[in-house]
Amino acid sequence: MGDRSQKIIYAVFVLAVILLGWGIDNAYYLQMLIFIGINTLLALSLNMLMGYAGQISLGHAAFYGIGAYVTAILTATYQVPPLLSLPAAVCMAMFVAWIVGIPTLRLSGYYLGMGTLGFGMIVHIVFREWSSVTGGASGFVGIPPLTAGPLTFDSERHYFFLVWTVVLLAIIMCRRIIDSRVGRALRAIHDGEKAAAAVGVDTKKLKLQVFVLSAGMAALAGFLYAHLIYFISPGTFGFVTSIRIVTMVVIGGMASIWGSLFGASLLTLLPEWLHAFSEFEMVVYGLILMTVMIFLPRGLTRGLLDIYERYRKNNDR
Amino acid sequence: MILSAKWRTVLTAAAVAVFMVFSQVCLAEASGDNYKIGGIFSVTGPASFLGDPEKKSMNLAIEEINEAGGVDGRKLEAVIYDTEGDPSKTVTSVGKLINKDRVTAIIGPSRTPTTLAAIPRVQRAELPFISCAAGNKIVEPIKPWVFKTAQSDIQAVASIYKHIKQKGIKKVGIITVANAFGESGKEQLQEQASDFGIAVVRSESFGADDTDMTAQLTKIRQEDPGAIICWGTNPGPAVVAKNIKQLDIKTPLYMSHGVASPKFIELAGKAAEDILLPTGKILVADLLGEDDPQKQVLSNYIEAYESRYNETVSGFGGYAYDAVYLLASAMKGTGGDKEKIRENLENISNHPGISGVFNFSKTDHNGLDPSAFVMVRIKNGDWKLVE
Amino acid sequence: MQEILQYLFSGITNGAIYAVIAVGFSMLYSSTELINFAHGEFVMLGALSMVTLAAGFGWPLVPAFVLTVAAVGMAGLLFERLAIRPVRQPDHIVLIIITVGASIFLRGLGMLIWGKDAYSMQPFSDHPPIDVAGAKLLAQSIWILVIVMALTAGLHLFYRRTLTGKAMSACAVSKKAAWIVGIPTKWMVLLAFALATAMGAVAGAIIAPVTMSSYDMGTVLGLKGFCAAMLGGLGSLWGAILGGFLLGILEALGVGFVSSGLKDATAFVLLLLVLYVRPQGIIGSAEVKRF
């Protein structure tokens, strides 16, 4: 994609956010859009790791949870202002990712999947069992709303703008990384780790860096989630969530930034639509997942983009 | 940034379309003449044994009230969403009820974590909210808009300990499920023990999906307690009951009100014999004396539920049934004014319900005392009252 | 001593179940390089069908068991034919999501058929627990152990002695080479699916009497089985058996000597350690990672 069309896309994105933010009066729709934003951050963070660097993670909800719990504990228990707890939450997740990443990223394929899955389960159990600090299985109550100087993000509209600004910044950052030398090296790792190492890419270091970055972004999403709901419980950060994030990335399209946005939107909205099926909800949801993957294995975005690209080529001729 | 004319048109069109779709949706919600009551229950998911009967009971209560003429001549209308036991889904559902359906009050959710997640939003929206969950954190400290109908663990633990004390048992071992229900029970069990001169000598936990608890029970047995108390909801405690029989542990076994349903006896089979547990009076309605204040309400509810849904009544649906009736009586003469409903709720006294006789006040938003519970013993696959 | 023995018995019973589930994972992996995240749901189907046939319809155990295993095996066959074979681009990650979708679908289906309640059934034989130095061993545990051992021996013979078994092993080594020498690889994959899901059904059917079965029981069991398969060495029959028992025993000992709240954590910490030190699992080695 050229530089110009990218700018246009960003412009459309900003315009859409502003229009939606001012246009929607119903707090429920804003809430759905906020959730989409948070899920987009999650999908984006995992897409950097999975789509670009080719490293699967089945425990990404752990970092999401670390972000949420660190800010909850700091702001509610120790009255730290959220502005300070944000870097603490993100750094904590990155630190944990760094420690865990060194041994785990030596694995590959299903072994890496199992390693990250195990890590996610352990973090989940820590949230549940360390009840003096985390509130245990009943959850953590009393997280304050987000304040930054004179601004208080306690209405849906404010939060909507906050979340989507963060999403936009994250997208721009990811785009920059992907288009840089690092991005090319990452894709080289994806295509073949040994070949990448042979041409001088420090694969170990690079994989670890992406893992840490990805954990930081997930923690940021956790931070936003905690201050949106004012309540967190371990169930939100378990295996099911990890799998849902993976699903968002794959359905949206691996190695596609806009795919993350699309996948996150779809998987956030789909359960809402499927409520109409009541009893059959799970069956239909499972069927949709399977069908999409069977017929559009590269994800919905890629599938649709391929069609569009073909159409444009025909037109240009 | 240069935009070609074509792009500009496309953009404007898209923006206008988006704007119109949403303003249309917003306008479409004109409210009718009915009172809309929101319900959020975990109809599916691990707590469906609570949410499913609650949903049915809420619908039942609303049908009954409407047949009797509604509230001040206006009909009630239920809008029910499924939380699947998930806090984020609960928050979206609450948002939908408040902003999209514009309900007068909300009933539910079924579980403590989901209730805790919902509270900040209903408090901000200033909406009467009656939870069906057991956890004591819900009404402690008191929040102006938050009420609850399910009996608290406090009263359940008190009933069990009272019984244990009478028997002269000094040492108990506890085994609790590793979720919000078990944890809340564990807290209460440990907190209240000293009040009754009882020592908790061993506290173990099990996962909600565990298939075998013999290891935990073996560990408890080492301490030689006078009684074992298991705190959980089906099916875990049924496995505990079976394992205790298999290990040939003779100490009396107490369960929580979380298993107070015929399903438990069915699951545990012969292992259920002689288990003691506190329960709301619904399980033993036919054993109650005619002078019991709840007798009438209970038999009406059981009969209506069983004929309407063609299944055995569960011990949990009553939470939602009570909530609807409490709400309806508080709504009388208010014209839907939320502050007035809240005040009326706070002033309800001597309201016989399924879970007990409710006496709300400014300092008590649960309104039940330990008399809401009776101790029962399982004998020959049925419940027997214990004096 | 009595306690340790009791922990061991508890661990062996659970471990046997994990082992059967792990064998299902391993078997499928070795012939298709696929991890079936819906495997736990086939266990659930097995347990619930067994309960329905034996306790609900009052069938004798043997036909109920056979029909359960056959029916779930058929379901596995259908699953391969309808959801796995038509995949246009069989990447690992795509297949993972498909099996995740299948697990949600099957759970939903289980909920539609059996409702949300749990079910229980009588043990296979009504024998009182056996007393071994003060520790109790359940009759059902012995049933489970016997069935697991018979299955393992049967599978071992199948892979070593029968032509079909050897053909399957050949597929596991190289699909292309197997195809070249005239092995109908597609059929072998189909067979692997049917056998693996049948193993899941066996696991479900034998644990139905020890625990409570409900539509959502599969997820945790599946995870534990996957964990066990990894522990022993993915793709190895004996590895899966060893991993299963190891996981079960360590969990029980974890409860006994560490903390019951951290039971699952002990299992996963161990898994991570094994992965870090010997990523190929305890038995599996880089070269001999097949049956």
# chains A, B, ... in the order shown; residues from 1 in each chain; ligands from 1
>>> residues_around(residues="Gln166 (chain B)", least_positions_apart="3", cutoff="12 Å", atoms="only C-alpha atoms", output="list in words")
Ser159, Ile160, Tyr161, Lys162, His163, Ile169, Lys170, Phe196, Gly197, Ile198 and Glu387 of chain B
>>> select_by_dssp(residues="region 101-257 of chain A", states="alpha helix (DSSP H)", output="MDAnalysis selection string")
chainID A and resid 101:104 109:129 131:134 156:179 181:191 193:198 203:229 239:252 257
>>> closest_residue(among="C:Val132, C:Leu28, C:Ala240, C:Leu271", to="chain A", atoms="only C-alpha atoms")
C:Leu271
>>> closest_residue(among="A:Asn39, A:Thr165, A:Ser233, A:Ser214", to="chain B", atoms="only C-alpha atoms")
A:Ser233
>>> interface_residues(of="chain C", to="chain B", cutoff="7 Å", atoms="only C-alpha atoms", output="PDB file with all heavy atoms, in the first residue's frame")
ATOM      1  N   GLU C   3      -1.472 -41.864  54.083  1.00  0.00           N
ATOM      2  CA  GLU C   3      -1.877 -40.695  53.286  1.00  0.00           C
ATOM      3  C   GLU C   3      -1.224 -40.738  51.911  1.00  0.00           C
ATOM      4  O   GLU C   3      -1.875 -40.554  50.896  1.00  0.00           O
ATOM      5  CB  GLU C   3      -1.471 -39.399  53.999  1.00  0.00           C
ATOM      6  CG  GLU C   3      -2.441 -38.922  55.048  1.00  0.00           C
ATOM      7  CD  GLU C   3      -2.420 -39.790  56.283  1.00  0.00           C
ATOM      8  OE1 GLU C   3      -1.308 -40.232  56.680  1.00  0.00           O
ATOM      9  OE2 GLU C   3      -3.497 -40.050  56.854  1.00  0.00           O
ATOM     10  N   TYR C   7      -2.946 -40.637  48.327  1.00  0.00           N
ATOM     11  CA  TYR C   7      -2.684 -39.651  47.264  1.00  0.00           C
ATOM     12  C   TYR C   7      -2.325 -40.370  45.970  1.00  0.00           C
ATOM     13  O   TYR C   7      -2.766 -39.997  44.886  1.00  0.00           O
ATOM     14  CB  TYR C   7      -1.528 -38.722  47.651  1.00  0.00           C
ATOM     15  CG  TYR C   7      -1.799 -37.854  48.864  1.00  0.00           C
ATOM     16  CD1 TYR C   7      -0.789 -37.555  49.770  1.00  0.00           C
ATOM     17  CD2 TYR C   7      -3.059 -37.309  49.095  1.00  0.00           C
ATOM     18  CE1 TYR C   7      -1.019 -36.767  50.880  1.00  0.00           C
ATOM     19  CE2 TYR C   7      -3.286 -36.517  50.209  1.00  0.00           C
ATOM     20  CZ  TYR C   7      -2.273 -36.253  51.104  1.00  0.00           C
ATOM     21  OH  TYR C   7      -2.506 -35.465  52.197  1.00  0.00           O
ATOM     22  N   SER C  10      -5.416 -41.844  44.344  1.00  0.00           N
ATOM     23  CA  SER C  10      -6.188 -40.775  43.718  1.00  0.00           C
ATOM     24  C   SER C  10      -5.499 -40.315  42.439  1.00  0.00           C
ATOM     25  O   SER C  10      -6.125 -40.128  41.401  1.00  0.00           O
ATOM     26  CB  SER C  10      -6.323 -39.622  44.715  1.00  0.00           C
ATOM     27  OG  SER C  10      -6.680 -38.455  44.054  1.00  0.00           O
ATOM     28  N   LYS C 116     -28.458 -28.320  30.811  1.00  0.00           N
ATOM     29  CA  LYS C 116     -27.312 -27.755  31.512  1.00  0.00           C
ATOM     30  C   LYS C 116     -26.986 -28.512  32.786  1.00  0.00           C
ATOM     31  O   LYS C 116     -26.033 -28.198  33.472  1.00  0.00           O
ATOM     32  CB  LYS C 116     -27.602 -26.290  31.849  1.00  0.00           C
ATOM     33  CG  LYS C 116     -27.765 -25.430  30.613  1.00  0.00           C
ATOM     34  CD  LYS C 116     -28.462 -24.128  30.960  1.00  0.00           C
ATOM     35  CE  LYS C 116     -28.998 -23.476  29.711  1.00  0.00           C
ATOM     36  NZ  LYS C 116     -30.120 -22.601  30.033  1.00  0.00           N
ATOM     37  N   ALA C 118     -25.938 -31.613  35.458  1.00  0.00           N
ATOM     38  CA  ALA C 118     -24.949 -32.677  35.513  1.00  0.00           C
ATOM     39  C   ALA C 118     -25.670 -34.010  35.707  1.00  0.00           C
ATOM     40  O   ALA C 118     -26.819 -34.048  36.146  1.00  0.00           O
ATOM     41  CB  ALA C 118     -23.969 -32.426  36.651  1.00  0.00           C
ATOM     42  N   TYR C 119     -24.990 -35.092  35.336  1.00  0.00           N
ATOM     43  CA  TYR C 119     -25.548 -36.434  35.484  1.00  0.00           C
ATOM     44  C   TYR C 119     -24.540 -37.327  36.181  1.00  0.00           C
ATOM     45  O   TYR C 119     -23.341 -37.109  36.097  1.00  0.00           O
ATOM     46  CB  TYR C 119     -25.877 -37.051  34.117  1.00  0.00           C
ATOM     47  CG  TYR C 119     -26.944 -36.342  33.370  1.00  0.00           C
ATOM     48  CD1 TYR C 119     -26.640 -35.260  32.562  1.00  0.00           C
ATOM     49  CD2 TYR C 119     -28.272 -36.741  33.475  1.00  0.00           C
ATOM     50  CE1 TYR C 119     -27.630 -34.582  31.872  1.00  0.00           C
ATOM     51  CE2 TYR C 119     -29.260 -36.070  32.797  1.00  0.00           C
ATOM     52  CZ  TYR C 119     -28.941 -34.998  31.998  1.00  0.00           C
ATOM     53  OH  TYR C 119     -29.923 -34.338  31.329  1.00  0.00           O
ATOM     54  N   SER C 120     -25.029 -38.343  36.872  1.00  0.00           N
ATOM     55  CA  SER C 120     -24.097 -39.306  37.454  1.00  0.00           C
ATOM     56  C   SER C 120     -24.602 -40.710  37.159  1.00  0.00           C
ATOM     57  O   SER C 120     -25.751 -40.897  36.775  1.00  0.00           O
ATOM     58  CB  SER C 120     -23.981 -39.101  38.965  1.00  0.00           C
ATOM     59  OG  SER C 120     -25.167 -39.518  39.592  1.00  0.00           O
ATOM     60  N   PRO C 129     -14.910 -50.267  48.243  1.00  0.00           N
ATOM     61  CA  PRO C 129     -13.498 -49.917  48.041  1.00  0.00           C
ATOM     62  C   PRO C 129     -12.581 -50.910  48.727  1.00  0.00           C
ATOM     63  O   PRO C 129     -12.903 -51.438  49.783  1.00  0.00           O
ATOM     64  CB  PRO C 129     -13.382 -48.542  48.706  1.00  0.00           C
ATOM     65  CG  PRO C 129     -14.758 -48.005  48.718  1.00  0.00           C
ATOM     66  CD  PRO C 129     -15.680 -49.168  48.813  1.00  0.00           C
ATOM     67  N   LYS C 136      -7.835 -46.404  50.616  1.00  0.00           N
ATOM     68  CA  LYS C 136      -8.938 -47.026  49.885  1.00  0.00           C
ATOM     69  C   LYS C 136      -8.719 -46.928  48.374  1.00  0.00           C
ATOM     70  O   LYS C 136      -8.447 -45.855  47.848  1.00  0.00           O
ATOM     71  CB  LYS C 136     -10.247 -46.336  50.234  1.00  0.00           C
ATOM     72  CG  LYS C 136     -10.600 -46.375  51.716  1.00  0.00           C
ATOM     73  CD  LYS C 136     -11.195 -47.731  52.087  1.00  0.00           C
ATOM     74  CE  LYS C 136     -11.659 -47.749  53.519  1.00  0.00           C
ATOM     75  NZ  LYS C 136     -10.547 -47.676  54.499  1.00  0.00           N
ATOM     76  N   THR C 211     -17.232 -39.401  38.427  1.00  0.00           N
ATOM     77  CA  THR C 211     -17.466 -37.974  38.591  1.00  0.00           C
ATOM     78  C   THR C 211     -18.847 -37.607  38.078  1.00  0.00           C
ATOM     79  O   THR C 211     -19.672 -38.476  37.823  1.00  0.00           O
ATOM     80  CB  THR C 211     -16.354 -37.185  37.874  1.00  0.00           C
ATOM     81  OG1 THR C 211     -16.511 -35.815  38.193  1.00  0.00           O
ATOM     82  CG2 THR C 211     -16.405 -37.377  36.383  1.00  0.00           C
ATOM     83  N   MET C 212     -19.113 -36.322  37.946  1.00  0.00           N
ATOM     84  CA  MET C 212     -20.400 -35.872  37.425  1.00  0.00           C
ATOM     85  C   MET C 212     -20.165 -35.404  35.991  1.00  0.00           C
ATOM     86  O   MET C 212     -19.206 -34.699  35.725  1.00  0.00           O
ATOM     87  CB  MET C 212     -20.931 -34.714  38.260  1.00  0.00           C
ATOM     88  CG  MET C 212     -20.970 -35.003  39.730  1.00  0.00           C
ATOM     89  SD  MET C 212     -22.149 -36.306  40.116  1.00  0.00           S
ATOM     90  CE  MET C 212     -21.391 -37.045  41.551  1.00  0.00           C
ATOM     91  N   MET C 217     -17.938 -30.198  30.772  1.00  0.00           N
ATOM     92  CA  MET C 217     -16.854 -30.866  31.485  1.00  0.00           C
ATOM     93  C   MET C 217     -15.616 -31.046  30.615  1.00  0.00           C
ATOM     94  O   MET C 217     -14.525 -31.321  31.125  1.00  0.00           O
ATOM     95  CB  MET C 217     -17.315 -32.239  31.967  1.00  0.00           C
ATOM     96  CG  MET C 217     -17.481 -33.248  30.828  1.00  0.00           C
ATOM     97  SD  MET C 217     -18.281 -34.772  31.299  1.00  0.00           S
ATOM     98  CE  MET C 217     -16.989 -35.557  32.228  1.00  0.00           C
ATOM     99  N   VAL C 220     -11.729 -28.576  30.558  1.00  0.00           N
ATOM    100  CA  VAL C 220     -10.641 -28.802  31.506  1.00  0.00           C
ATOM    101  C   VAL C 220      -9.972 -30.140  31.245  1.00  0.00           C
ATOM    102  O   VAL C 220      -8.738 -30.237  31.216  1.00  0.00           O
ATOM    103  CB  VAL C 220     -11.178 -28.737  32.945  1.00  0.00           C
ATOM    104  CG1 VAL C 220     -10.098 -29.157  33.917  1.00  0.00           C
ATOM    105  CG2 VAL C 220     -11.652 -27.345  33.267  1.00  0.00           C
ATOM    106  N   ALA C 252      -2.107 -34.955  42.647  1.00  0.00           N
ATOM    107  CA  ALA C 252      -2.562 -35.437  43.950  1.00  0.00           C
ATOM    108  C   ALA C 252      -1.527 -35.140  45.026  1.00  0.00           C
ATOM    109  O   ALA C 252      -1.863 -34.695  46.122  1.00  0.00           O
ATOM    110  CB  ALA C 252      -2.830 -36.938  43.882  1.00  0.00           C
ATOM    111  N   VAL C 255      -1.671 -31.526  45.928  1.00  0.00           N
ATOM    112  CA  VAL C 255      -2.735 -31.240  46.886  1.00  0.00           C
ATOM    113  C   VAL C 255      -2.284 -31.631  48.281  1.00  0.00           C
ATOM    114  O   VAL C 255      -2.441 -30.896  49.242  1.00  0.00           O
ATOM    115  CB  VAL C 255      -4.021 -32.015  46.528  1.00  0.00           C
ATOM    116  CG1 VAL C 255      -5.038 -31.892  47.650  1.00  0.00           C
ATOM    117  CG2 VAL C 255      -4.607 -31.488  45.242  1.00  0.00           C
ATOM    118  N   GLY C 256      -1.661 -32.805  48.390  1.00  0.00           N
ATOM    119  CA  GLY C 256      -1.284 -33.320  49.692  1.00  0.00           C
ATOM    120  C   GLY C 256      -0.190 -32.516  50.355  1.00  0.00           C
ATOM    121  O   GLY C 256      -0.260 -32.235  51.547  1.00  0.00           O
ATOM    122  N   SER C 260      -4.124 -27.226  47.970  1.00  0.00           N
ATOM    123  CA  SER C 260      -5.109 -27.649  46.988  1.00  0.00           C
ATOM    124  C   SER C 260      -5.450 -26.501  46.036  1.00  0.00           C
ATOM    125  O   SER C 260      -5.806 -26.724  44.888  1.00  0.00           O
ATOM    126  CB  SER C 260      -6.361 -28.163  47.687  1.00  0.00           C
ATOM    127  OG  SER C 260      -6.735 -27.321  48.740  1.00  0.00           O
ATOM    128  N   GLY C 261      -5.332 -25.256  46.510  1.00  0.00           N
ATOM    129  CA  GLY C 261      -5.623 -24.121  45.632  1.00  0.00           C
ATOM    130  C   GLY C 261      -4.633 -24.045  44.481  1.00  0.00           C
ATOM    131  O   GLY C 261      -4.952 -23.593  43.395  1.00  0.00           O
TER     132      GLY C 261
END
>>> atom_distance(atom1="CA of Leu84 (chain A)", atom2="CA of Asn47 (chain A)")
27.4 Å
>>> residues_around(residues="region 51-66 of chain C", least_positions_apart="2", cutoff="12 Å", atoms="only C-alpha atoms", output="mmCIF file with C-alpha atoms, in the first residue's frame")
data_model
loop_
_atom_site.group_PDB
_atom_site.id
_atom_site.type_symbol
_atom_site.label_atom_id
_atom_site.label_comp_id
_atom_site.auth_asym_id
_atom_site.auth_seq_id
_atom_site.Cartn_x
_atom_site.Cartn_y
_atom_site.Cartn_z
ATOM 1 C CA GLU B 266 -29.914 -37.344 42.370
ATOM 2 C CA LEU B 267 -26.201 -36.772 41.669
ATOM 3 C CA MET C 44 -17.839 -35.095 27.185
ATOM 4 C CA LEU C 45 -19.907 -36.766 24.451
ATOM 5 C CA GLY C 46 -18.581 -40.141 25.547
ATOM 6 C CA ALA C 47 -19.407 -39.559 29.204
ATOM 7 C CA LEU C 48 -22.887 -38.225 28.552
ATOM 8 C CA SER C 49 -23.798 -40.944 26.040
ATOM 9 C CA THR C 68 -20.891 -45.026 22.987
ATOM 10 C CA VAL C 69 -17.395 -45.561 21.683
ATOM 11 C CA ALA C 70 -18.629 -46.447 18.200
ATOM 12 C CA ALA C 71 -20.980 -43.478 18.015
ATOM 13 C CA VAL C 72 -18.386 -40.975 19.144
ATOM 14 C CA GLY C 73 -15.856 -42.523 16.772
ATOM 15 C CA ILE C 113 -29.281 -32.541 23.888
ATOM 16 C CA TRP C 114 -28.591 -32.999 27.608
ATOM 17 C CA ALA C 118 -24.949 -32.677 35.513
ATOM 18 C CA TYR C 119 -25.548 -36.434 35.484
ATOM 19 C CA SER C 120 -24.097 -39.306 37.454
ATOM 20 C CA MET C 121 -24.157 -43.061 37.126
ATOM 21 C CA GLN C 122 -23.370 -46.183 39.164
ATOM 22 C CA PRO C 123 -19.860 -47.687 39.100
ATOM 23 C CA PHE C 124 -19.310 -50.575 36.664
ATOM 24 C CA SER C 125 -19.365 -53.034 39.541
ATOM 25 C CA ILE C 147 -9.284 -50.786 30.604
ATOM 26 C CA ALA C 198 -13.052 -43.131 20.115
ATOM 27 C CA MET C 199 -10.247 -42.945 22.673
ATOM 28 C CA ALA C 201 -15.141 -41.548 24.234
ATOM 29 C CA VAL C 202 -13.490 -44.366 26.179
ATOM 30 C CA ALA C 203 -12.061 -41.815 28.604
ATOM 31 C CA GLY C 204 -15.489 -40.245 28.979
ATOM 32 C CA ALA C 205 -17.248 -43.553 29.474
ATOM 33 C CA ILE C 206 -14.897 -44.797 32.173
ATOM 34 C CA ILE C 207 -14.931 -41.605 34.214
ATOM 35 C CA ALA C 208 -18.698 -41.150 34.072
ATOM 36 C CA PRO C 209 -19.102 -43.295 37.230
ATOM 37 C CA VAL C 210 -16.376 -41.516 39.225
ATOM 38 C CA THR C 211 -17.466 -37.974 38.591
ATOM 39 C CA MET C 212 -20.400 -35.872 37.425
ATOM 40 C CA SER C 213 -20.859 -35.392 33.698
ATOM 41 C CA SER C 214 -22.180 -32.225 32.154
#
>>> atom_distance(atom1="CA of Lys89 (chain B)", atom2="CA of Asn34 (chain B)")
26.0 Å
>>> atom_distance(atom1="CA of Ala177 (chain C)", atom2="CA of Met230 (chain C)")
26.5 Å
>>> interface_residues(of="chain C", to="chain A", cutoff="8 Å", atoms="only C-alpha atoms", output="PyMOL selection string")
chain C and resi 83-84+86-89+93-95+97-109+112+227+230+261-262+264-265+268-269+271-272+275-276+279
>>> interface_residues(of="chain A", to="chain B", cutoff="8 Å", atoms="only C-alpha atoms", output="ChimeraX atom specification")
/A:4,7-8,12,15-16,19-20,23-28,31-32,128,136-139,141,229-233,235-236
>>> write_last_selection(atoms="N, CA, C and O atoms", output="compact mmCIF listing (two decimals), in the first residue's frame")
# COMPACT_ATOMS: atom_id res chain seq x y z
N ARG A 4 0.23 7.40 0.25
CA ARG A 4 -0.93 8.28 0.15
C ARG A 4 -2.20 7.57 0.61
O ARG A 4 -2.96 8.10 1.42
N LYS A 7 -2.45 7.40 4.29
CA LYS A 7 -2.92 8.64 4.92
C LYS A 7 -4.44 8.77 4.80
O LYS A 7 -5.12 9.19 5.74
N ILE A 8 -4.92 8.39 3.64
CA ILE A 8 -6.38 8.48 3.45
C ILE A 8 -7.08 7.58 4.44
O ILE A 8 -8.06 7.97 5.06
N VAL A 12 -9.83 8.62 7.18
CA VAL A 12 -11.16 8.01 7.28
C VAL A 12 -11.39 7.52 8.70
O VAL A 12 -12.44 7.72 9.30
N LEU A 15 -11.94 10.38 11.11
CA LEU A 15 -13.25 10.97 10.84
C LEU A 15 -14.36 10.06 11.39
O LEU A 15 -15.30 10.54 12.03
N ALA A 16 -14.20 8.79 11.14
CA ALA A 16 -15.23 7.84 11.61
C ALA A 16 -15.32 7.88 13.13
O ALA A 16 -16.41 7.90 13.70
N LEU A 19 -17.01 11.14 14.16
CA LEU A 19 -18.45 11.13 13.84
C LEU A 19 -19.20 10.20 14.77
O LEU A 19 -20.25 10.56 15.30
N LEU A 20 -18.64 9.00 14.97
CA LEU A 20 -19.33 8.05 15.84
C LEU A 20 -19.39 8.60 17.26
O LEU A 20 -20.40 8.53 17.93
N GLY A 23 -21.84 11.45 17.16
CA GLY A 23 -23.14 11.13 16.59
C GLY A 23 -23.98 10.21 17.45
O GLY A 23 -25.20 10.31 17.47
N ILE A 24 -23.33 9.30 18.19
CA ILE A 24 -24.09 8.32 18.93
C ILE A 24 -24.45 8.87 20.30
O ILE A 24 -23.59 9.29 21.06
N ASP A 25 -25.73 8.89 20.58
CA ASP A 25 -26.16 9.40 21.87
C ASP A 25 -26.35 8.27 22.87
O ASP A 25 -26.39 8.49 24.07
N ASN A 26 -26.53 7.08 22.33
CA ASN A 26 -26.87 5.97 23.19
C ASN A 26 -25.61 5.37 23.81
O ASN A 26 -24.72 4.90 23.11
N ALA A 27 -25.55 5.42 25.13
CA ALA A 27 -24.34 4.96 25.81
C ALA A 27 -24.06 3.48 25.55
O ALA A 27 -22.92 3.05 25.59
N TYR A 28 -25.12 2.71 25.25
CA TYR A 28 -24.91 1.29 25.00
C TYR A 28 -24.05 1.06 23.76
O TYR A 28 -23.11 0.27 23.77
N GLN A 31 -20.59 1.94 24.44
CA GLN A 31 -19.95 0.90 25.22
C GLN A 31 -19.46 -0.24 24.33
O GLN A 31 -18.34 -0.73 24.48
N MET A 32 -20.34 -0.65 23.39
CA MET A 32 -19.92 -1.71 22.47
C MET A 32 -18.67 -1.27 21.71
O MET A 32 -17.74 -2.04 21.51
N ARG A 128 -6.36 -15.81 41.18
CA ARG A 128 -7.45 -16.40 41.93
C ARG A 128 -7.05 -16.71 43.36
O ARG A 128 -7.84 -16.54 44.28
N GLY A 136 -9.03 -12.31 45.10
CA GLY A 136 -9.39 -13.71 44.88
C GLY A 136 -10.47 -13.91 43.83
O GLY A 136 -10.67 -13.07 42.95
N ALA A 137 -11.16 -15.03 43.95
CA ALA A 137 -12.14 -15.41 42.94
C ALA A 137 -13.33 -14.45 42.89
O ALA A 137 -13.97 -14.28 41.86
N SER A 138 -13.64 -13.82 44.03
CA SER A 138 -14.79 -12.90 44.02
C SER A 138 -14.51 -11.65 43.21
O SER A 138 -15.43 -10.93 42.84
N GLY A 139 -13.24 -11.36 42.99
CA GLY A 139 -12.91 -10.21 42.17
C GLY A 139 -12.47 -9.02 42.98
O GLY A 139 -12.51 -9.01 44.20
N VAL A 141 -12.93 -5.08 43.73
CA VAL A 141 -13.92 -3.99 43.59
C VAL A 141 -13.28 -2.65 43.89
O VAL A 141 -12.24 -2.56 44.54
N ILE A 229 -14.63 -0.85 33.65
CA ILE A 229 -15.61 -1.67 34.36
C ILE A 229 -15.62 -1.36 35.85
O ILE A 229 -16.58 -1.65 36.54
N TYR A 230 -14.50 -0.85 36.38
CA TYR A 230 -14.31 -0.58 37.82
C TYR A 230 -14.27 -1.86 38.63
O TYR A 230 -14.33 -1.83 39.85
N PHE A 231 -14.27 -2.99 37.96
CA PHE A 231 -14.28 -4.27 38.67
C PHE A 231 -13.58 -5.30 37.80
O PHE A 231 -13.80 -5.33 36.59
N ILE A 232 -12.72 -6.12 38.39
CA ILE A 232 -12.11 -7.19 37.61
C ILE A 232 -12.16 -8.48 38.42
O ILE A 232 -12.14 -8.45 39.64
N SER A 233 -12.28 -9.60 37.71
CA SER A 233 -12.22 -10.89 38.39
C SER A 233 -11.40 -11.85 37.53
O SER A 233 -11.31 -11.66 36.32
N GLY A 235 -11.81 -14.63 36.20
CA GLY A 235 -12.45 -15.29 35.07
C GLY A 235 -12.25 -14.57 33.74
O GLY A 235 -12.21 -15.19 32.68
N THR A 236 -12.12 -13.24 33.80
CA THR A 236 -11.97 -12.46 32.57
C THR A 236 -10.63 -12.72 31.89
O THR A 236 -10.48 -12.48 30.70
>>> residues_around(residues="Glu77 (chain B)", least_positions_apart="3", cutoff="6 Å", atoms="only C-alpha atoms", output="VMD selection string")
chain B and resid 35 to 37
>>> residues_around(residues="region 181-194 of chain A", least_positions_apart="5", cutoff="6 Å", atoms="only C-alpha atoms", output="count of residues only")
3
>>> residues_around(residues="Met173 (chain A)", least_positions_apart="5", cutoff="12 Å", atoms="only C-alpha atoms", output="number ranges by chain")
A: 41, 44-45, 48, 166-168, 178-180, 183, 213-214, 217, 257
